[in-house]
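K.L.:
Sharing input_3.txt, compact mmCIF, C-alpha atoms:
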```txt
# COMPACT_ATOMS: atom_id res chain seq x y z
CA MET A 26 19.27 -18.74 -20.09
CA ARG A 27 21.30 -18.16 -23.25
CA PRO A 28 24.75 -18.42 -21.58
CA ALA A 29 23.73 -21.72 -20.00
CA ALA A 30 22.74 -23.13 -23.38
CA VAL A 31 26.04 -22.03 -24.90
CA LEU A 32 27.93 -23.64 -22.03
CA VAL A 33 26.03 -26.91 -22.42
CA LEU A 34 26.71 -26.99 -26.16
CA LEU A 35 30.39 -26.25 -25.59
CA VAL A 36 30.73 -29.00 -23.00
CA LEU A 37 28.87 -31.52 -25.16
CA ASP A 38 31.10 -30.58 -28.09
CA VAL A 39 34.22 -31.26 -26.03
CA VAL A 40 32.85 -34.56 -24.71
CA LEU A 41 31.59 -35.84 -28.06
CA LEU A 42 34.61 -34.80 -30.13
CA ASP A 43 37.13 -36.12 -27.62
CA THR A 44 36.77 -39.74 -28.78
CA GLY A 45 39.70 -41.33 -26.98
CA SER A 46 39.17 -39.97 -23.48
CA LEU A 47 36.70 -41.34 -21.00
CA SER A 48 37.99 -39.10 -18.21
CA ALA A 49 36.37 -35.99 -19.69
CA ALA A 50 32.97 -37.67 -19.69
CA VAL A 51 33.45 -38.92 -16.14
CA ALA A 52 34.54 -35.46 -15.00
CA LEU A 53 31.50 -33.91 -16.68
CA ALA A 54 29.17 -36.43 -15.05
CA ALA A 55 30.74 -35.87 -11.62
CA THR A 56 30.48 -32.10 -11.97
CA ALA A 57 26.85 -32.34 -13.05
CA ALA A 58 26.02 -34.64 -10.15
CA ALA A 59 27.73 -32.37 -7.63
CA GLY A 60 26.02 -29.29 -9.06
CA SER A 61 22.58 -30.82 -8.97
CA ALA A 62 23.14 -32.10 -5.41
CA PHE A 63 24.23 -28.63 -4.33
CA ALA A 64 21.18 -27.05 -5.98
CA ALA A 65 18.83 -29.53 -4.31
CA CYS A 66 20.42 -29.01 -0.88
CA SER A 67 20.27 -25.23 -1.18
CA LEU A 68 16.62 -25.39 -2.24
CA ILE A 69 15.70 -27.63 0.69
CA ALA A 70 17.66 -25.45 3.14
CA SER A 71 16.05 -22.24 1.88
CA ARG A 72 12.55 -23.67 2.22
CA SER A 73 13.11 -25.08 5.69
CA ALA A 74 14.56 -21.87 7.17
CA PRO A 75 12.11 -20.12 9.49
CA ALA A 76 10.80 -16.78 8.32
CA VAL A 77 11.86 -13.91 10.57
CA PRO A 78 9.56 -10.90 10.51
CA PRO A 79 11.33 -7.63 9.61
CA THR A 80 10.09 -6.01 12.82
CA ARG A 81 12.06 -8.54 14.88
CA VAL A 82 15.21 -7.81 12.89
CA ARG A 83 14.85 -4.08 13.51
CA THR A 84 14.22 -4.72 17.21
CA ALA A 85 17.30 -6.94 17.46
CA ILE A 86 19.48 -4.27 15.85
CA ARG A 87 18.09 -1.60 18.18
CA ASP A 88 18.63 -3.82 21.25
CA ARG A 89 22.22 -4.52 20.23
CA ALA A 90 22.85 -0.79 19.77
CA ARG A 91 21.53 -0.09 23.26
CA ARG A 92 23.75 -2.77 24.81
CA THR A 93 26.90 -1.49 23.10
CA ALA A 94 29.08 0.31 25.59
CA PHE A 95 31.00 3.36 24.41
CA LEU A 96 33.73 4.43 26.77
CA PRO A 97 34.47 8.13 26.92
CA GLN A 98 37.89 9.31 25.89
CA ARG A 99 39.64 9.55 29.24
CA ASP A 100 42.89 11.17 28.19
CA PRO A 101 42.65 13.46 25.16
CA ASP A 102 46.36 14.33 25.54
CA ALA A 103 47.51 10.70 25.33
CA LYS A 104 50.48 9.90 23.13
CA GLY A 105 49.52 9.61 19.48
CA ARG A 106 46.23 11.52 19.75
CA PRO A 107 45.92 14.90 18.12
CA ARG A 108 44.70 17.70 20.32
CA PRO A 109 41.18 18.84 19.37
CA ARG A 110 41.18 22.24 17.69
CA ALA A 111 39.31 25.12 19.16
CA PRO A 112 37.00 27.06 16.89
CA GLY A 113 38.81 30.01 15.39
CA HIS A 114 38.69 32.31 12.43
CA ALA A 115 37.29 30.98 9.18
CA LEU A 116 39.84 30.08 6.55
CA PRO A 117 40.02 32.46 3.56
CA ALA A 118 39.20 29.61 1.17
CA THR A 119 35.93 28.84 2.95
CA VAL A 120 34.66 32.40 3.19
CA ALA A 121 32.23 33.18 0.37
```
Do you think you could lay out the structure here as structure tokens?

P.N.:
Amino acid sequence: MRPAAVLVLLVLDVVLLDTGSLSAAVALAATAAAGSAFAACSLIASRSAPAVPPTRVRTAIRDRARRTAFLPQRDPDAKGRPRPRAPGHALPATVA
């Protein structure tokens, strides 16, 4: 809450000390009106959104995972693909 108070005081200082300019006051009023309209719309939208139970979200993710088709790698020797390595001797750096 403290940064908001500092911001309000700073803006009021600019508006009140700038005696010859009406455009700063109009810009401040327009910004305040747009901000409050945005806050009201977001509050209304958040309250009117239907609540989705977490179990349905988990079920939807699981259903999507089951529908996803994974094609097997048909040609492991295709151009640009490294050949899989066969298991061999352990490297000296990895032997404890």

K.L.:
So how many Å separate atom CA of A:Ala59 and atom CA of A:Leu37, to one decimal?

P.N.:
17.6 Å

K.L.:
Can you work out the spacing between atom CA of A:Leu34 and atom CA of A:Ala58 in Å, to one decimal?

P.N.:
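Separation between atom CA of A:Leu34 and atom CA of A:Ala58: 17.8 Å.
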
K.L.:
Edge lengths and centre, in Å to one decimal, as JSON: that's what I need for the box along x, y and z that holds all listed atoms of stretch 67-73 of chain A plus 8 Å on each side.

P.N.:
```
{"center_x": 16.4, "center_y": -24.9, "center_z": 1.7, "size_x": 23.7, "size_y": 21.4, "size_z": 23.9}
```
